[in-house]
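**Q** There's a structure below that I have some questions on.
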Amino acid sequence: MTTWKDLLVKIKKIEKKYGSSLKKRASPTEIIKMNQGIQLNFGNMVLPDSYERFLKTINGLNFNELVIYGVDKGLLDNELNEDMHGFIESNELWYENE
């Protein structure tokens, strides 16, 4: 059975072929801040362990029309110079545009 980590290896090879790369992993501090932001904005919710493991491997993914949200730019320890689909920001937009 193919795991998401196996698929990331394949995606990484494809991205490299086109001169691109995958995002870096989210830091433990960034994940903590994201959990706090989720609780503040959406109530008593926590990230599933599997999603946290994903973020500890890669901070979001945008590949071939598949988007998996990462930690919001405002919660990152270091500034990014690339587009980021943040989990909280994106869910707030979806909520506003029922």
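By convention here, the chains of the structure tokens are called A, B, ... in the order presented, each chain's residues are numbered starting at 1, and ligands are numbered starting at 1 in the order presented.
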May I have the residues within 12 Å of Gly37 of chain A as an MDAnalysis selection string, using only C-alpha atoms and disregarding those fewer than 6 positions away in the same chain?

**A** chainID A and resid 30:31 43:47 71:72 74:75 86:89 91:92

**Q** Selection from above, N, CA, C and O atoms, as an mmCIF file, in the first residue's frame, can you write it?

**A**
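Full text of out.cif as output:
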data_model
loop_
_atom_site.group_PDB
_atom_site.id
_atom_site.type_symbol
_atom_site.label_atom_id
_atom_site.label_comp_id
_atom_site.auth_asym_id
_atom_site.auth_seq_id
_atom_site.Cartn_x
_atom_site.Cartn_y
_atom_site.Cartn_z
ATOM 1 N N GLU A 30 5.576 26.530 15.328
ATOM 2 C CA GLU A 30 4.565 26.957 14.359
ATOM 3 C C GLU A 30 3.298 26.111 14.486
ATOM 4 O O GLU A 30 2.182 26.632 14.407
ATOM 5 N N ILE A 31 3.458 24.822 14.724
ATOM 6 C CA ILE A 31 2.302 23.936 14.884
ATOM 7 C C ILE A 31 1.543 24.277 16.165
ATOM 8 O O ILE A 31 0.306 24.303 16.180
ATOM 9 N N GLY A 43 -13.065 27.449 17.997
ATOM 10 C CA GLY A 43 -13.547 26.754 19.188
ATOM 11 C C GLY A 43 -12.654 25.603 19.608
ATOM 12 O O GLY A 43 -11.490 25.534 19.253
ATOM 13 N N ASN A 44 -13.231 24.711 20.346
ATOM 14 C CA ASN A 44 -12.485 23.622 20.962
ATOM 15 C C ASN A 44 -12.153 22.525 19.947
ATOM 16 O O ASN A 44 -12.715 21.437 19.983
ATOM 17 N N MET A 45 -11.225 22.836 19.046
ATOM 18 C CA MET A 45 -10.799 21.878 18.028
ATOM 19 C C MET A 45 -9.288 21.720 18.108
ATOM 20 O O MET A 45 -8.588 22.659 18.474
ATOM 21 N N VAL A 46 -8.812 20.547 17.761
ATOM 22 C CA VAL A 46 -7.367 20.316 17.675
ATOM 23 C C VAL A 46 -7.059 19.622 16.352
ATOM 24 O O VAL A 46 -7.909 18.948 15.774
ATOM 25 N N LEU A 47 -5.845 19.797 15.902
ATOM 26 C CA LEU A 47 -5.424 19.144 14.673
ATOM 27 C C LEU A 47 -5.288 17.643 14.890
ATOM 28 O O LEU A 47 -4.776 17.214 15.922
ATOM 29 N N VAL A 71 0.666 25.870 7.626
ATOM 30 C CA VAL A 71 0.589 26.874 8.691
ATOM 31 C C VAL A 71 0.478 28.248 8.035
ATOM 32 O O VAL A 71 1.195 28.549 7.073
ATOM 33 N N ASP A 72 -0.401 29.088 8.540
ATOM 34 C CA ASP A 72 -0.603 30.425 7.989
ATOM 35 C C ASP A 72 0.685 31.246 8.063
ATOM 36 O O ASP A 72 1.464 31.131 9.011
ATOM 37 N N GLY A 74 1.275 34.268 8.850
ATOM 38 C CA GLY A 74 1.409 35.082 10.060
ATOM 39 C C GLY A 74 1.855 34.303 11.289
ATOM 40 O O GLY A 74 2.236 34.897 12.287
ATOM 41 N N LEU A 75 1.834 32.980 11.219
ATOM 42 C CA LEU A 75 2.237 32.148 12.352
ATOM 43 C C LEU A 75 3.625 31.546 12.172
ATOM 44 O O LEU A 75 4.128 30.864 13.059
ATOM 45 N N GLY A 86 -2.742 28.999 3.904
ATOM 46 C CA GLY A 86 -2.804 28.735 5.332
ATOM 47 C C GLY A 86 -4.127 28.113 5.747
ATOM 48 O O GLY A 86 -5.182 28.464 5.229
ATOM 49 N N PHE A 87 -4.063 27.213 6.688
ATOM 50 C CA PHE A 87 -5.227 26.471 7.150
ATOM 51 C C PHE A 87 -6.301 27.389 7.728
ATOM 52 O O PHE A 87 -7.468 27.311 7.357
ATOM 53 N N ILE A 88 -5.914 28.271 8.635
ATOM 54 C CA ILE A 88 -6.892 29.130 9.307
ATOM 55 C C ILE A 88 -7.474 30.143 8.323
ATOM 56 O O ILE A 88 -8.690 30.283 8.215
ATOM 57 N N GLU A 89 -6.591 30.839 7.588
ATOM 58 C CA GLU A 89 -7.063 31.849 6.634
ATOM 59 C C GLU A 89 -7.999 31.240 5.597
ATOM 60 O O GLU A 89 -9.044 31.815 5.270
ATOM 61 N N ASN A 91 -9.825 28.471 5.787
ATOM 62 C CA ASN A 91 -11.095 28.050 6.372
ATOM 63 C C ASN A 91 -11.976 29.241 6.714
ATOM 64 O O ASN A 91 -13.195 29.159 6.600
ATOM 65 N N GLU A 92 -11.370 30.352 7.115
ATOM 66 C CA GLU A 92 -12.158 31.556 7.361
ATOM 67 C C GLU A 92 -12.806 32.047 6.061
ATOM 68 O O GLU A 92 -13.960 32.451 6.050
#

**Q** Hey, what does DSSP flag as helix (DSSP H, G or I) within segment 8-98 of chain A? Can you give it to me as a ChimeraX atom specification?

**A** /A:8-17,28-42,49-57,73-75,87-96

**Q** Kindly save the residues from that selection, with C-alpha atoms included, as a PDB file, in the first residue's frame.

**A**
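Done, and the output landed in again.pdb:
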ATOM      1  CA  LEU A   8       5.707  12.902  -1.459  1.00  0.00           C
ATOM      2  CA  VAL A   9       8.903  11.255  -2.684  1.00  0.00           C
ATOM      3  CA  LYS A  10       7.363  10.927  -6.157  1.00  0.00           C
ATOM      4  CA  ILE A  11       6.064  14.513  -6.076  1.00  0.00           C
ATOM      5  CA  LYS A  12       9.479  15.784  -4.975  1.00  0.00           C
ATOM      6  CA  LYS A  13      11.098  14.106  -8.014  1.00  0.00           C
ATOM      7  CA  ILE A  14       8.533  15.646 -10.355  1.00  0.00           C
ATOM      8  CA  GLU A  15       8.966  19.111  -8.817  1.00  0.00           C
ATOM      9  CA  LYS A  16      12.762  18.820  -9.079  1.00  0.00           C
ATOM     10  CA  LYS A  17      12.432  17.924 -12.768  1.00  0.00           C
ATOM     11  CA  PRO A  28       6.980  22.540  16.515  1.00  0.00           C
ATOM     12  CA  THR A  29       6.474  26.183  17.550  1.00  0.00           C
ATOM     13  CA  GLU A  30       4.565  26.957  14.359  1.00  0.00           C
ATOM     14  CA  ILE A  31       2.302  23.936  14.884  1.00  0.00           C
ATOM     15  CA  ILE A  32       1.617  25.018  18.479  1.00  0.00           C
ATOM     16  CA  LYS A  33       0.733  28.537  17.283  1.00  0.00           C
ATOM     17  CA  MET A  34      -1.519  27.039  14.609  1.00  0.00           C
ATOM     18  CA  ASN A  35      -3.353  24.904  17.187  1.00  0.00           C
ATOM     19  CA  GLN A  36      -3.827  27.990  19.376  1.00  0.00           C
ATOM     20  CA  GLY A  37      -5.124  29.977  16.389  1.00  0.00           C
ATOM     21  CA  ILE A  38      -7.561  27.203  15.492  1.00  0.00           C
ATOM     22  CA  GLN A  39      -8.927  27.096  19.045  1.00  0.00           C
ATOM     23  CA  LEU A  40      -9.212  30.879  19.111  1.00  0.00           C
ATOM     24  CA  ASN A  41     -10.987  31.086  15.738  1.00  0.00           C
ATOM     25  CA  PHE A  42     -13.000  27.868  15.610  1.00  0.00           C
ATOM     26  CA  ASP A  49      -2.184  13.663  14.829  1.00  0.00           C
ATOM     27  CA  SER A  50      -1.875  12.518  11.218  1.00  0.00           C
ATOM     28  CA  TYR A  51      -2.125  16.121   9.965  1.00  0.00           C
ATOM     29  CA  GLU A  52       0.476  17.258  12.495  1.00  0.00           C
ATOM     30  CA  ARG A  53       2.804  14.493  11.239  1.00  0.00           C
ATOM     31  CA  PHE A  54       2.218  15.769   7.701  1.00  0.00           C
ATOM     32  CA  LEU A  55       3.097  19.349   8.733  1.00  0.00           C
ATOM     33  CA  LYS A  56       6.241  18.102  10.484  1.00  0.00           C
ATOM     34  CA  THR A  57       7.260  16.635   7.114  1.00  0.00           C
ATOM     35  CA  LYS A  73       2.088  32.941   6.985  1.00  0.00           C
ATOM     36  CA  GLY A  74       1.409  35.082  10.060  1.00  0.00           C
ATOM     37  CA  LEU A  75       2.237  32.148  12.352  1.00  0.00           C
ATOM     38  CA  PHE A  87      -5.227  26.471   7.150  1.00  0.00           C
ATOM     39  CA  ILE A  88      -6.892  29.130   9.307  1.00  0.00           C
ATOM     40  CA  GLU A  89      -7.063  31.849   6.634  1.00  0.00           C
ATOM     41  CA  SER A  90      -8.449  29.453   4.036  1.00  0.00           C
ATOM     42  CA  ASN A  91     -11.095  28.050   6.372  1.00  0.00           C
ATOM     43  CA  GLU A  92     -12.158  31.556   7.361  1.00  0.00           C
ATOM     44  CA  LEU A  93     -12.622  32.389   3.678  1.00  0.00           C
ATOM     45  CA  TRP A  94     -14.647  29.234   3.066  1.00  0.00           C
ATOM     46  CA  TYR A  95     -16.789  30.017   6.123  1.00  0.00           C
ATOM     47  CA  GLU A  96     -17.447  33.579   4.948  1.00  0.00           C
TER      48      GLU A  96
END

**Q** Measuring between only C-alpha atoms, which one of A:Leu66, A:Met1, A:Leu61, A:Ala26 shows the shortest distance to Asp83 of chain A?

**A** A:Leu61

**Q** Would you list, as a list in words, the residues of chain A that end up in strand (DSSP E or B) under DSSP run on this structure's backbone?

**A** Leu61, Asn62, Phe63, Leu66, Val67, Ile68, Gly70 and Gly86 of chain A

**Q** Please indicate the distance in Å from atom CA of Thr2 of chain A to atom CA of His85 of chain A, rounded to one decimal place.

**A**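 Between atom CA of Thr2 of chain A and atom CA of His85 of chain A the gap works out to 25.4 Å.
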
**Q** Using only C-alpha atoms, determine which residues lie at most 10 Å from Asn62 of chain A, disregarding the query and same-chain residues fewer than 5 positions distant; provide the list as a list of chain:residue names.

**A**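 Non-adjacent residues within range: A:Leu22, A:Lys23, A:Val67, A:Ile68, A:Tyr69, A:Gly70, A:Asp83, A:Met84, A:His85.
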
**Q** A:Asn64, A:Pro48, A:Ile58, A:Gly19: which is nearest Trp4 of chain A, counting only C-alpha atoms?

**A** A:Ile58
